[in-house]
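Okay, so here's the structure we're looking at.
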Amino acid sequence: MKYQAKLKVPFGMLGIRCTADALTGIDFLPASEPPQAPTNEFAATVCAELLRYFDDPHTPFTVPLELHGTPHRQKVWHAMLDIPCGQTRSYGELAAELHSAAQAVGQACGANPIPIVVPCHRVVGKAGLGGFMQHAEGESLGIKRWLLGHEGAL
């Protein structure tokens, strides 16, 4: 996978994918992955916004996003953007708002191409964290727990 930047963050490394004017993806990479300086001005802007978020989670993201997915996934991703920092919604609550099913919301969360900026970590189970990055346990949930704790939602 080609990245326009690789950014060291408190829980590992993020691979940043973008065009010259829109963020298209963020991947969680192993902490052992070496950092990569931004290859263009827009990637540098994305990295700067992410670093501001890690300093203060209430700092809003302003970079343009390019989200590709089914109409249902688009609807879920846009609804996640409306969940305020420090708050969560359950899969069921989001499903009710969107006239969908909790499982379909969970699948859209797992397919989110731009985690952190499109805050799928703020969508939780009715009785617990739920999944993250298409995993129900392990390191992925540790990252979700870290993000929610960073935002004051835990």
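Identifiers for the structure tokens are assigned positionally: chains receive A, B, ... in sequence, residues are indexed from 1 per chain, and ligands are indexed from 1 in the order shown.
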
**OP:** For Phe54 (chain A), work out the shell of residues within 9 Å, counting only C-alpha atoms and skipping chain neighbours fewer than 4 positions away, then give it as a list in words.
**Re:** Val9, Pro10, Glu49, Leu50, Thr59 and His150 of chain A

Please produce an output containing all heavy atoms for each residue in the selection, written as a CSV table (one decimal), in the first residue's frame.
```csv
chain,number,residue,atom,x,y,z
A,9,VAL,N,2.0,7.8,16.4
A,9,VAL,CA,0.9,8.2,17.3
A,9,VAL,C,1.1,7.4,18.6
A,9,VAL,O,1.9,6.5,18.6
A,9,VAL,CB,-0.5,8.1,16.7
A,9,VAL,CG1,-0.6,9.0,15.5
A,9,VAL,CG2,-0.8,6.6,16.4
A,10,PRO,N,0.4,7.8,19.7
A,10,PRO,CA,0.6,7.2,21.0
A,10,PRO,C,0.4,5.6,21.0
A,10,PRO,O,1.0,5.0,21.8
A,10,PRO,CB,-0.4,7.8,21.9
A,10,PRO,CG,-0.6,9.2,21.3
A,10,PRO,CD,-0.5,9.0,19.8
A,49,GLU,N,-3.3,18.1,11.5
A,49,GLU,CA,-4.6,18.0,12.2
A,49,GLU,C,-4.7,16.8,13.1
A,49,GLU,O,-5.2,16.9,14.2
A,49,GLU,CB,-5.7,18.0,11.2
A,49,GLU,CG,-6.0,19.4,10.5
A,49,GLU,CD,-7.3,19.5,9.9
A,49,GLU,OE1,-8.2,18.7,10.1
A,49,GLU,OE2,-7.5,20.6,9.3
A,50,LEU,N,-4.1,15.7,12.7
A,50,LEU,CA,-4.1,14.5,13.5
A,50,LEU,C,-3.3,14.8,14.8
A,50,LEU,O,-3.7,14.4,15.9
A,50,LEU,CB,-3.6,13.3,12.8
A,50,LEU,CG,-4.6,12.7,11.8
A,50,LEU,CD1,-3.8,11.8,10.8
A,50,LEU,CD2,-5.6,11.9,12.5
A,59,THR,N,-10.2,19.3,19.3
A,59,THR,CA,-9.8,20.1,18.1
A,59,THR,C,-10.6,19.4,16.9
A,59,THR,O,-10.4,18.2,16.6
A,59,THR,CB,-8.3,20.0,17.8
A,59,THR,OG1,-7.7,20.5,19.0
A,59,THR,CG2,-7.9,20.8,16.6
A,150,HIS,N,-9.0,8.9,25.7
A,150,HIS,CA,-8.4,10.2,25.3
A,150,HIS,C,-9.4,11.3,25.1
A,150,HIS,O,-9.2,12.5,25.5
A,150,HIS,CB,-7.6,10.0,24.0
A,150,HIS,CG,-7.0,11.2,23.4
A,150,HIS,ND1,-6.0,12.0,24.0
A,150,HIS,CD2,-7.2,11.9,22.2
A,150,HIS,CE1,-5.7,13.0,23.3
A,150,HIS,NE2,-6.4,12.9,22.1
```

Original post:
Would you give me, as a count of residues only, the residues in chain A that DSSP reads as strand (DSSP E or B)?
Top reply: 29

**OP:** For Leu94 (chain A), please output as a ChimeraX atom specification all residues within 12 Å (counting only C-alpha atoms; exclusion window: fewer than 2 positions along the same chain).
**Re:** /A:75-83,88-92,96-106,108-109,120,122-126

Original post:
Nearest to Cys47 (chain A) among A:Gly86, A:Gly149, A:Pro71, A:Pro35, with distances taken over only C-alpha atoms: which residue is it?
Top reply: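 Nearest candidate to Cys47 (chain A) out of A:Gly86, A:Gly149, A:Pro71, A:Pro35: A:Pro35.
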
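Going from CA of Pro113 (chain A) to CA of Thr24 (chain A) covers 7.1 Å.
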
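Among the candidates A:Lys2, A:Arg52, A:His68, A:His121, the residue lying nearest to Pro84 (chain A) is A:His121 (atoms considered: only C-alpha atoms).
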
Original post:
With only C-alpha atoms as the atoms that count, which of A:Leu7, A:Leu67, A:Ala95, A:Ala20 lies nearest to Phe42 (chain A)?
Top reply: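 Looking only at the distances to Phe42 (chain A), the closest residue turns out to be A:Ala20.
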
**OP:** For each of A:Lys8, A:Arg17, A:Arg73, A:His58, take the minimum atom-to-atom distance to Glu151 (chain A), counting only C-alpha atoms, then give the residue where this is smallest.
**Re:**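 Once distances to Glu151 (chain A) are computed over only C-alpha atoms, the minimum belongs to A:His58.
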
Subject >> alpha helix (DSSP H) positions in chain A, given as a ChimeraX atom specification >> reply: /A:41-55,71-80,91-98,102-110,139-150

Original post:
Between CA of Val46 (chain A) and CA of Leu148 (chain A), what is the spacing in Å?
Top reply: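 One can read the CA of Leu148 (chain A) to CA of Val46 (chain A) distance as 20.7 Å.
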
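Counting from CA of Gln4 (chain A), the distance to CA of Ala31 (chain A) is 17.4 Å.
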
Original post:
Which of these, A:Leu29, A:Ala111, A:Met1, A:Ala44, has the shortest distance to Met13 (chain A) once you count only C-alpha atoms?
Top reply: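 Under the stated criterion, the closest residue is A:Leu29.
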
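If you measure from each of A:Ile143, A:Gly128, A:Pro34, A:Val117 to Thr62 (chain A) using only C-alpha atoms, the closest one turns out to be A:Val117.
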